[in-house]
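Colleague: Sending over work30.txt (compact mmCIF, C-alpha atoms).
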```txt
# COMPACT_ATOMS: atom_id res chain seq x y z
CA MET A 1 -7.82 -55.30 22.52
CA MET A 2 -6.22 -57.97 24.72
CA THR A 3 -8.56 -60.58 23.28
CA PHE A 4 -7.45 -59.64 19.77
CA ILE A 5 -3.78 -59.75 20.77
CA LEU A 6 -4.05 -63.19 22.39
CA ALA A 7 -6.00 -64.56 19.45
CA ASP A 8 -3.35 -63.26 17.07
CA LEU A 9 -0.55 -64.81 19.15
CA ARG A 10 -2.33 -68.17 19.17
CA ARG A 11 -2.66 -67.95 15.40
CA PHE A 12 1.10 -67.42 14.96
CA TRP A 13 2.12 -69.50 17.98
CA SER A 14 5.20 -71.13 16.41
CA GLY A 15 6.80 -67.80 15.51
CA ALA A 16 5.85 -66.38 18.91
CA LEU A 17 7.46 -69.36 20.64
CA ALA A 18 10.69 -68.91 18.67
CA VAL A 19 10.86 -65.22 19.64
CA VAL A 20 10.27 -66.04 23.34
CA VAL A 21 12.96 -68.73 23.35
CA LEU A 22 15.54 -66.44 21.71
CA ILE A 23 14.85 -63.66 24.19
CA ALA A 24 14.88 -66.07 27.14
CA LEU A 25 18.26 -67.56 26.23
CA SER A 26 19.90 -64.15 25.78
CA ILE A 27 18.50 -62.87 29.10
CA ALA A 28 19.43 -66.10 30.91
CA LEU A 29 23.09 -65.56 30.03
CA SER A 30 23.16 -62.14 31.72
CA VAL A 31 21.27 -63.38 34.77
CA THR A 32 23.52 -66.42 35.20
CA VAL A 33 26.70 -64.32 35.01
CA THR A 34 25.34 -61.77 37.52
CA LEU A 35 24.04 -64.31 40.04
CA GLN A 36 27.05 -66.61 39.79
CA GLU A 37 29.59 -63.84 40.27
CA ARG A 38 27.71 -62.66 43.37
CA ALA A 39 27.42 -66.22 44.72
CA VAL A 40 31.17 -66.82 44.37
CA ARG A 41 31.95 -63.48 46.01
CA LEU A 42 29.61 -64.01 48.98
CA GLY A 43 30.44 -67.68 49.44
CA SER A 44 34.19 -67.20 49.43
CA ALA A 45 33.92 -64.18 51.74
CA ARG A 46 31.88 -66.18 54.26
CA ALA A 47 34.37 -69.05 54.03
CA ALA A 48 37.25 -66.67 54.80
CA GLU A 49 35.47 -65.02 57.74
CA LYS A 50 36.62 -67.81 60.06
CA PHE A 51 40.28 -67.08 59.33
CA ASP A 52 41.46 -63.69 60.59
CA LEU A 53 45.18 -63.87 59.83
CA LEU A 54 47.47 -66.31 58.03
CA VAL A 55 51.18 -66.56 58.64
CA GLY A 56 53.35 -68.57 56.26
CA ALA A 57 56.74 -68.57 54.60
CA ALA A 58 57.54 -65.71 52.25
CA GLY A 59 55.97 -66.32 48.85
CA SER A 60 52.63 -65.83 47.12
CA GLU A 61 49.90 -64.28 49.26
CA THR A 62 47.20 -65.62 46.96
CA GLN A 63 48.53 -69.17 47.02
CA LEU A 64 48.90 -69.09 50.80
CA ALA A 65 45.26 -68.02 51.21
CA LEU A 66 43.93 -70.51 48.65
CA SER A 67 45.85 -73.39 50.23
CA ALA A 68 45.16 -72.61 53.89
CA VAL A 69 41.57 -71.35 53.62
CA PHE A 70 40.23 -73.28 50.63
CA LEU A 71 42.58 -76.29 50.92
CA GLN A 72 43.65 -76.08 47.28
CA PRO A 73 46.66 -78.38 46.81
CA ALA A 74 49.77 -76.45 45.80
CA PRO A 75 53.47 -76.40 46.70
CA LEU A 76 54.01 -74.02 49.61
CA PRO A 77 57.41 -73.27 51.15
CA LEU A 78 57.90 -74.29 54.78
CA MET A 79 58.72 -71.77 57.48
CA GLU A 80 60.56 -72.49 60.71
CA GLY A 81 58.57 -74.20 63.44
CA ALA A 82 59.82 -71.57 65.88
CA VAL A 83 57.28 -69.17 64.33
CA LEU A 84 54.46 -71.36 65.65
CA ALA A 85 55.96 -71.34 69.13
CA ARG A 86 56.25 -67.53 69.10
CA LEU A 87 52.67 -67.09 67.92
CA ALA A 88 51.30 -69.61 70.41
CA GLY A 89 53.01 -67.77 73.27
CA ASP A 90 52.13 -64.24 72.09
CA PRO A 91 49.72 -62.52 74.54
CA ARG A 92 48.00 -60.81 71.60
CA VAL A 93 47.03 -64.15 70.06
CA GLU A 94 43.86 -65.99 71.06
CA LEU A 95 44.49 -68.96 68.76
CA ALA A 96 47.50 -70.09 66.71
CA ALA A 97 46.78 -73.32 64.88
CA PRO A 98 49.35 -75.00 62.62
CA VAL A 99 48.25 -76.70 59.41
CA GLY A 100 50.08 -79.32 57.39
CA PHE A 101 49.01 -80.69 54.02
CA GLY A 102 50.13 -83.27 51.54
CA ASP A 103 48.16 -86.48 52.10
CA SER A 104 44.65 -87.54 51.20
CA ALA A 105 42.25 -90.44 51.61
CA TYR A 106 39.20 -91.44 49.54
CA GLY A 107 39.50 -88.17 47.60
CA PHE A 108 39.46 -85.97 50.72
CA PRO A 109 42.49 -83.90 51.83
CA ILE A 110 44.10 -84.82 55.14
CA VAL A 111 45.06 -81.75 57.16
CA GLY A 112 47.27 -81.86 60.21
CA THR A 113 46.19 -79.35 62.87
CA THR A 114 45.03 -79.05 66.49
CA THR A 115 41.82 -79.56 68.44
CA LYS A 116 41.65 -75.80 69.07
CA LEU A 117 41.19 -75.11 65.37
CA ILE A 118 38.50 -77.77 65.11
CA SER A 119 36.65 -76.19 68.04
CA ALA A 120 36.99 -72.75 66.41
CA LEU A 121 35.54 -74.04 63.13
CA SER A 122 32.87 -76.22 64.74
CA PRO A 123 32.21 -75.36 68.42
CA SER A 124 30.27 -78.59 68.81
CA LEU A 125 30.62 -81.87 66.95
CA THR A 126 27.58 -83.53 65.40
CA GLN A 127 29.02 -86.96 66.17
CA GLY A 128 31.67 -88.40 68.46
CA VAL A 129 34.53 -86.55 70.15
CA LEU A 130 37.73 -84.70 69.28
CA PHE A 131 40.85 -86.73 68.64
CA ALA A 132 42.92 -87.42 71.77
CA ARG A 133 45.65 -89.67 70.34
CA LEU A 134 47.98 -89.42 67.36
CA GLY A 135 46.15 -92.18 65.50
CA GLU A 136 42.73 -90.50 65.64
CA ALA A 137 40.94 -88.15 63.25
CA VAL A 138 37.93 -85.85 63.01
CA VAL A 139 36.15 -85.54 59.66
CA GLY A 140 34.30 -82.62 58.10
CA SER A 141 30.52 -82.71 57.74
CA ASP A 142 30.66 -83.66 54.04
CA VAL A 143 33.20 -86.47 54.38
CA SER A 144 31.53 -89.80 53.63
CA LEU A 145 33.19 -91.72 56.46
CA SER A 146 31.46 -92.83 59.64
CA VAL A 147 32.77 -92.62 63.19
CA GLY A 148 34.96 -95.65 63.82
CA ALA A 149 36.13 -95.93 60.21
CA ALA A 150 39.81 -96.51 59.49
CA ILE A 151 41.69 -94.10 57.22
CA LYS A 152 44.89 -95.06 55.41
CA PRO A 153 46.59 -91.86 54.24
CA MET A 154 47.98 -91.63 50.72
CA HIS A 155 50.64 -89.28 49.36
CA GLY A 156 49.22 -86.40 47.35
CA THR A 157 45.70 -86.44 45.96
CA ALA A 158 43.67 -89.12 44.22
CA GLU A 159 44.26 -87.24 40.95
CA THR A 160 48.05 -87.00 41.28
CA GLY A 161 48.38 -90.46 42.77
CA GLY A 162 50.91 -91.68 45.29
CA GLU A 163 51.77 -94.54 47.56
CA THR A 164 49.76 -95.36 50.66
CA HIS A 165 51.38 -94.87 54.06
CA THR A 166 51.73 -98.10 56.02
CA ALA A 167 52.99 -96.55 59.26
CA ILE A 168 49.52 -95.52 60.46
CA ALA A 169 45.79 -95.91 59.92
CA TYR A 170 43.77 -93.15 61.52
CA LYS A 171 40.53 -93.96 63.33
CA VAL A 172 37.63 -91.51 62.97
CA THR A 173 36.46 -90.34 66.41
CA GLY A 174 34.16 -87.43 65.49
CA ARG A 175 32.42 -85.36 62.83
CA MET A 176 32.29 -81.57 62.67
CA GLY A 177 29.12 -79.60 62.08
CA PRO A 178 28.70 -77.85 58.72
CA THR A 179 30.89 -74.75 58.41
CA GLY A 180 30.17 -73.75 54.81
CA THR A 181 33.90 -73.86 54.07
CA ALA A 182 36.28 -76.21 52.26
CA TRP A 183 37.03 -77.75 55.64
CA ASP A 184 33.70 -79.58 55.45
CA ARG A 185 35.46 -81.94 53.00
CA ALA A 186 38.64 -82.33 55.05
CA ILE A 187 39.97 -85.06 57.31
CA LEU A 188 41.65 -83.44 60.33
CA VAL A 189 44.41 -85.25 62.21
CA PRO A 190 46.99 -84.25 64.84
CA ILE A 191 49.76 -82.15 63.32
CA ARG A 192 52.37 -84.17 65.22
CA ALA A 193 51.18 -87.35 63.48
CA VAL A 194 51.75 -85.64 60.10
CA TRP A 195 55.23 -84.54 61.16
CA GLN A 196 56.22 -87.98 62.44
CA LEU A 197 54.71 -89.76 59.45
CA HIS A 198 56.92 -87.74 57.10
CA GLY A 199 60.08 -88.04 59.15
CA MET A 200 60.10 -84.43 60.33
CA HIS A 201 61.81 -84.52 63.73
CA GLY A 202 62.17 -80.93 64.78
CA GLN A 203 64.17 -77.84 63.96
CA GLU A 204 67.59 -79.47 64.19
CA HIS A 205 66.62 -82.05 61.59
CA HIS A 206 64.82 -79.41 59.54
CA ASP A 207 67.91 -77.20 59.40
CA HIS A 208 70.12 -80.14 58.46
CA GLU A 209 67.88 -80.92 55.53
CA HIS A 210 68.04 -77.33 54.35
CA ASP A 211 71.84 -77.47 54.43
CA GLU A 212 71.87 -80.46 52.08
CA ALA A 213 69.06 -79.68 49.68
CA GLU A 214 66.85 -76.91 48.44
CA PRO A 215 63.96 -75.90 50.71
CA HIS A 216 61.28 -78.52 50.51
CA ARG A 217 57.70 -77.60 49.94
CA ALA A 218 54.30 -78.58 51.23
CA GLY A 219 51.00 -79.14 49.36
CA ALA A 220 51.62 -82.10 47.19
CA GLN A 221 54.53 -80.78 49.23
CA ASP A 222 54.94 -83.81 51.50
CA GLN A 223 55.02 -86.05 48.48
CA GLY A 224 57.76 -83.90 46.96
CA HIS A 225 59.57 -83.82 50.31
CA ASP A 226 59.60 -87.61 50.50
CA ARG A 227 60.90 -87.94 46.94
CA ASP A 228 63.64 -85.37 47.48
CA HIS A 229 64.85 -86.89 50.73
CA GLY A 230 64.71 -90.57 49.97
CA HIS A 231 61.18 -91.31 51.24
CA ALA A 232 62.03 -90.27 54.79
CA HIS A 233 58.99 -92.01 56.24
CA GLY A 234 58.73 -92.03 60.01
CA GLN A 235 57.00 -94.26 62.50
CA VAL A 236 53.93 -93.07 64.39
CA ASP A 237 52.73 -94.40 67.71
CA ALA A 238 48.98 -94.29 67.06
CA ASP A 239 48.19 -94.71 70.76
CA ALA A 240 50.47 -91.89 71.90
CA PRO A 241 48.54 -89.17 73.79
CA LEU A 242 47.94 -85.84 72.11
CA ASP A 243 50.55 -83.14 72.68
CA GLU A 244 49.60 -79.67 71.42
CA GLN A 245 52.31 -77.68 73.16
CA PHE A 246 54.88 -76.44 70.65
CA ASP A 247 58.36 -75.07 71.27
CA ALA A 248 61.08 -73.55 69.13
CA GLN A 249 62.22 -77.03 68.01
CA ALA A 250 58.94 -77.75 66.18
CA PRO A 251 59.35 -78.97 62.57
CA GLY A 252 58.75 -76.66 59.63
CA LEU A 253 55.19 -76.06 58.48
CA PRO A 254 53.43 -74.29 55.58
CA ALA A 255 51.02 -72.05 57.52
CA VAL A 256 49.62 -71.02 60.86
CA LEU A 257 46.02 -69.85 61.22
CA VAL A 258 45.93 -67.01 63.75
CA LYS A 259 43.03 -65.45 65.63
CA PRO A 260 44.24 -62.18 67.23
CA LYS A 261 42.45 -60.84 70.30
CA THR A 262 41.74 -57.41 68.80
CA ILE A 263 41.69 -55.76 65.39
CA ALA A 264 44.68 -53.64 66.39
CA ASP A 265 46.58 -56.80 67.35
CA ALA A 266 45.75 -58.30 63.96
CA TYR A 267 47.34 -55.39 62.09
CA ARG A 268 50.40 -55.34 64.34
CA LEU A 269 50.93 -59.08 63.96
CA ARG A 270 50.54 -58.92 60.20
CA GLN A 271 53.15 -56.17 60.01
CA GLU A 272 55.56 -58.01 62.31
CA TYR A 273 55.41 -61.20 60.28
CA ARG A 274 55.81 -59.53 56.88
CA THR A 275 59.55 -60.06 56.94
CA GLY A 276 61.99 -61.60 54.51
CA ALA A 277 61.35 -65.07 55.95
CA THR A 278 57.62 -64.99 56.76
CA LEU A 279 54.43 -63.57 55.29
CA GLY A 280 51.37 -62.34 57.20
CA VAL A 281 48.16 -61.88 55.21
CA PHE A 282 44.49 -61.16 55.78
CA PRO A 283 42.51 -63.64 53.64
CA GLY A 284 39.84 -60.98 53.14
CA GLU A 285 42.33 -58.63 51.47
CA VAL A 286 43.54 -61.39 49.17
CA LEU A 287 39.95 -62.16 48.20
CA THR A 288 39.31 -58.48 47.49
CA ARG A 289 42.08 -58.51 44.90
CA LEU A 290 40.67 -61.70 43.42
CA TYR A 291 37.21 -60.08 43.30
CA ALA A 292 38.68 -57.26 41.23
CA THR A 293 39.90 -59.80 38.69
CA LEU A 294 36.59 -61.62 38.90
CA GLY A 295 34.81 -58.32 38.38
CA ASP A 296 36.77 -57.72 35.17
CA ALA A 297 35.77 -61.17 33.94
CA ARG A 298 32.16 -60.49 34.89
CA SER A 299 32.19 -57.21 32.96
CA LEU A 300 33.56 -59.00 29.91
CA LEU A 301 30.94 -61.74 30.10
CA LEU A 302 28.16 -59.19 30.61
CA ALA A 303 29.40 -57.23 27.60
CA ILE A 304 29.27 -60.42 25.54
CA ALA A 305 25.78 -61.15 26.90
CA LEU A 306 24.55 -57.65 26.10
CA GLY A 307 26.05 -57.89 22.62
CA THR A 308 24.23 -61.16 22.12
CA GLN A 309 20.99 -59.56 23.31
CA GLY A 310 21.48 -56.68 20.88
CA ILE A 311 21.86 -59.08 17.96
CA VAL A 312 18.82 -61.09 19.08
CA ILE A 313 16.71 -57.95 19.51
CA ALA A 314 17.72 -56.61 16.10
CA ALA A 315 16.79 -59.94 14.49
CA ILE A 316 13.45 -60.02 16.33
CA VAL A 317 12.59 -56.45 15.32
CA LEU A 318 13.48 -57.22 11.69
CA VAL A 319 11.32 -60.34 11.69
CA THR A 320 8.48 -58.46 13.40
CA VAL A 321 8.58 -55.63 10.86
CA MET A 322 8.43 -58.20 8.07
CA HIS A 323 5.56 -59.91 9.87
CA VAL A 324 3.69 -56.62 10.17
CA GLY A 325 4.32 -56.03 6.47
CA SER A 326 2.71 -59.35 5.62
CA ARG A 327 -0.37 -58.30 7.60
CA ARG A 328 -0.88 -55.00 5.79
CA ARG A 329 -4.27 -56.10 4.45
CA GLN A 330 -5.49 -56.99 7.95
CA ILE A 331 -4.24 -53.72 9.39
CA GLY A 332 -5.67 -51.77 6.44
CA ALA A 333 -9.05 -53.43 6.96
CA LEU A 334 -9.05 -52.45 10.62
CA ARG A 335 -8.21 -48.84 9.74
CA ALA A 336 -10.84 -48.80 6.97
CA LEU A 337 -13.44 -50.02 9.46
CA GLY A 338 -12.63 -47.03 11.66
CA ALA A 339 -10.24 -48.56 14.18
CA PRO A 340 -8.37 -45.70 15.93
CA VAL A 341 -4.68 -45.30 15.20
CA ARG A 342 -3.87 -45.77 18.88
CA SER A 343 -5.66 -49.13 18.83
CA ILE A 344 -3.65 -50.31 15.80
CA VAL A 345 -0.41 -49.21 17.47
CA GLY A 346 -1.52 -50.73 20.76
CA ILE A 347 -2.26 -54.12 19.18
CA VAL A 348 1.05 -54.38 17.34
CA TRP A 349 3.03 -52.95 20.28
CA GLY A 350 1.19 -55.19 22.75
CA GLU A 351 1.92 -58.37 20.82
CA LEU A 352 5.64 -57.74 20.66
CA PHE A 353 5.91 -56.43 24.24
CA ILE A 354 4.10 -59.48 25.59
CA LEU A 355 6.59 -61.72 23.77
CA PHE A 356 9.48 -59.70 25.24
CA ALA A 357 7.99 -59.80 28.75
CA VAL A 358 7.39 -63.55 28.64
CA GLY A 359 10.90 -64.10 27.26
CA ILE A 360 12.44 -61.91 29.98
CA ALA A 361 10.52 -63.75 32.73
CA LEU A 362 11.52 -67.12 31.31
CA GLY A 363 15.12 -65.95 30.90
CA ILE A 364 15.29 -64.84 34.55
CA ALA A 365 13.97 -68.23 35.65
CA LEU A 366 16.42 -70.09 33.41
CA GLY A 367 19.33 -67.94 34.59
CA TYR A 368 18.43 -68.57 38.23
CA VAL A 369 18.20 -72.33 37.71
CA ALA A 370 21.50 -72.34 35.80
CA ALA A 371 23.23 -70.40 38.60
CA LEU A 372 21.82 -72.83 41.18
CA ALA A 373 23.12 -75.78 39.17
CA ILE A 374 26.60 -74.26 38.76
CA SER A 375 26.80 -73.34 42.46
CA ALA A 376 25.68 -76.81 43.50
CA ARG A 377 28.35 -78.36 41.31
CA LEU A 378 31.03 -76.05 42.72
CA ALA A 379 29.85 -76.74 46.28
CA VAL A 380 30.26 -80.48 45.75
CA ALA A 381 33.81 -79.94 44.52
CA THR A 382 34.90 -77.34 47.09
CA ALA A 383 32.39 -77.65 49.99
CA VAL A 384 32.10 -73.85 49.95
CA ARG A 385 28.44 -72.84 50.05
CA LEU A 386 27.65 -70.41 47.23
CA PRO A 387 24.39 -68.54 47.99
CA VAL A 388 22.42 -67.79 44.83
CA GLY A 389 19.85 -65.04 45.16
CA PHE A 390 18.58 -61.78 43.76
CA ALA A 391 19.47 -58.40 45.25
CA LEU A 392 17.71 -55.05 45.17
CA ASP A 393 20.07 -53.87 42.43
CA ASP A 394 18.73 -56.60 40.18
CA ALA A 395 15.37 -54.82 40.07
CA TRP A 396 17.07 -52.05 38.09
CA LEU A 397 18.46 -54.60 35.66
CA ILE A 398 15.07 -56.23 35.15
CA GLY A 399 13.41 -52.83 34.87
CA GLY A 400 15.97 -51.88 32.25
CA PHE A 401 15.17 -54.99 30.22
CA LEU A 402 11.45 -54.16 30.29
CA ALA A 403 12.05 -50.51 29.41
CA VAL A 404 14.18 -51.46 26.41
CA ALA A 405 11.53 -53.98 25.36
CA ALA A 406 8.83 -51.30 25.56
CA LEU A 407 10.85 -48.90 23.43
CA ILE A 408 11.85 -51.47 20.84
CA SER A 409 8.26 -52.67 20.46
CA ILE A 410 7.29 -49.19 19.22
CA VAL A 411 9.34 -49.59 16.01
CA PRO A 412 7.15 -52.23 14.31
CA ALA A 413 4.04 -50.64 15.84
CA PHE A 414 4.57 -47.38 13.96
CA SER A 415 5.75 -49.21 10.84
CA ALA A 416 2.19 -50.54 10.59
CA LEU A 417 0.95 -47.00 9.87
CA ARG A 418 3.26 -46.20 6.96
CA SER A 419 0.76 -47.05 4.21
CA SER A 420 -2.83 -45.76 3.76
CA PRO A 421 -5.79 -48.11 4.36
CA ALA A 422 -6.69 -48.03 0.64
CA ALA A 423 -3.17 -49.01 -0.43
CA ALA A 424 -3.06 -51.72 2.19
CA LEU A 425 -6.38 -53.20 0.95
CA ARG A 426 -5.17 -53.17 -2.69
CA ALA A 427 -1.96 -55.00 -1.75
```
Take the structure from the file and write it as structure tokens.
Modeller:
Amino acid sequence: MMTFILADLRRFWSGALAVVVLIALSIALSVTVTLQERAVRLGSARAAEKFDLLVGAAGSETQLALSAVFLQPAPLPLMEGAVLARLAGDPRVELAAPVGFGDSAYGFPIVGTTTKLISALSPSLTQGVLFARLGEAVVGSDVSLSVGAAIKPMHGTAETGGETHTAIAYKVTGRMGPTGTAWDRAILVPIRAVWQLHGMHGQEHHDHEHDEAEPHRAGAQDQGHDRDHGHAHGQVDADAPLDEQFDAQAPGLPAVLVKPKTIADAYRLRQEYRTGATLGVFPGEVLTRLYATLGDARSLLLAIALGTQGIVIAAIVLVTVMHVGSRRRQIGALRALGAPVRSIVGIVWGELFILFAVGIALGIALGYVAALAISARLAVATAVRLPVGFALDDAWLIGGFLAVAALISIVPAFSALRSSPAAALRA
């Protein structure tokens, strides 16, 4: 029987190929949506694992998490520098690292922070050493700058454009190991250098600015700050030694990354800093809400994919029934020669099921390759590793495809038996 089926498929190879391609494309859409949604969910969750608690000024939780964890440029309000001093001196806090955004170089964001955060993200450097002076920098693993390179910071991003700072040129002293986060594409510099470069001289100056103008913002925030306050550029002593002790007079900043000592401490700190002036958030909780939205989008796309598959299957069944009708003489001859009914049904069913099975297999392969390509493209843009892979639940999806294919293939198989052998031979 298999020999007959294969011979028949070779005879009508062009039609068989068209059926396989249609099935493969419809299946590939479902597989791509499923794998890509899972890759985004897992990749972003792993990227957020390194950040237990975020504290920032009152505002959008989602924007705070996206800016601080995924380094997405956006205007964030500044909170008082005294918050950093309180967190740094809190016995429940293992690490309190400030972050400051706003500048970039060669298409990579420049982030002001401390050596403690760098060590938390990358316990050991793959090259060089941590910065020890205000004019030094450490780059992420994906930053295409070598140790010893000079970096001239520019306001904003390469896309938004901005003037280049002339007060300082950072020197790369080290490179972090891969973290699988957006920080792999970041240039990390001392937070005090960022403050001094933008003319931020402590809480007294910060308060004075707030008296005269609306609260400035950080993200492209430093660029906006400079515009609003007459390009208040400062001077930076690049050779000044590193000072990572912060007091209540520290300048304002958009966020502090906090690592509490215990889970209980994390919840207490989050509650304490959810006041009218500050906002404490768990990045994981923010991502969970985003996943819910992403899940709705995935359901919509899967519904579209399933609808597409239904249309394709209906068209294939219609074409197959017509094809079987055109072969009535051949089928009638087989029945007249004594071929059992089960053999006739088996041949017709087998031909269509084989086409479905090959199309499903090809569609799964195409969907996997498409998801890999999309994830690779997103990883280049964000540096977040998006793992593409199949899960045990996918076996049910694949099994469902095959079961539907087996059932649908019965329709044209039984349509082959509608006419008698004599009528088929006279046709």
Colleague: Can you work out which one of A:Leu53, A:Ile187, A:Ala18, A:Gly135 has the shortest atom-to-atom distance to Val286 of chain A, counting all atoms listed in the file?
Modeller: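 Using all atoms listed in the file, the shortest distance to Val286 of chain A belongs to A:Leu53.
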Colleague: Have a look at A:Ser14, A:Phe246, A:Gly89, A:Leu352 and name the one nearest to Ile316 of chain A; count all atoms listed in the file.
Modeller: A:Leu352
Colleague: Pick from A:Ala16, A:Ala371, A:Met154, A:Val55: nearest to Arg270 of chain A, with only C-alpha atoms counted?
Modeller: A:Val55
Colleague: Let me make sure I understand: among A:Gln72, A:Ser343, A:Ser144, A:Thr173, which one has the smallest atom-to-atom distance to Val111 of chain A if we use all atoms listed in the file?
Modeller: A:Gln72
Colleague: By how many Å are atom CA of Ile191 of chain A and atom CA of Arg133 of chain A apart?
Modeller: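 Atom-to-atom, atom CA of Ile191 of chain A and atom CA of Arg133 of chain A are spaced 11.1 Å apart.
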Colleague: Once you add 6 Å to each side, what are the centre and edge lengths of the axis-aligned box holding all listed atoms of segment 256-275 of chain A? One decimal in Å, as AutoDock Vina command-line options, if you can.
Modeller:
```
--center_x 50.6 --center_y -62.3 --center_z 63.6 --size_x 29.9 --size_y 29.4 --size_z 25.4
```
Colleague: What separation in Å, quoted to one decimal, exists between atom CA of Leu121 of chain A and atom CA of Phe108 of chain A?
Modeller: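 Computing the Euclidean distance for atom CA of Leu121 of chain A and atom CA of Phe108 of chain A yields 17.7 Å.
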Colleague: Do you have the atom CA of Leu378 of chain A-atom CA of Ser30 of chain A distance handy?
Modeller: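 Distance reported for this atom pair: 19.4 Å.
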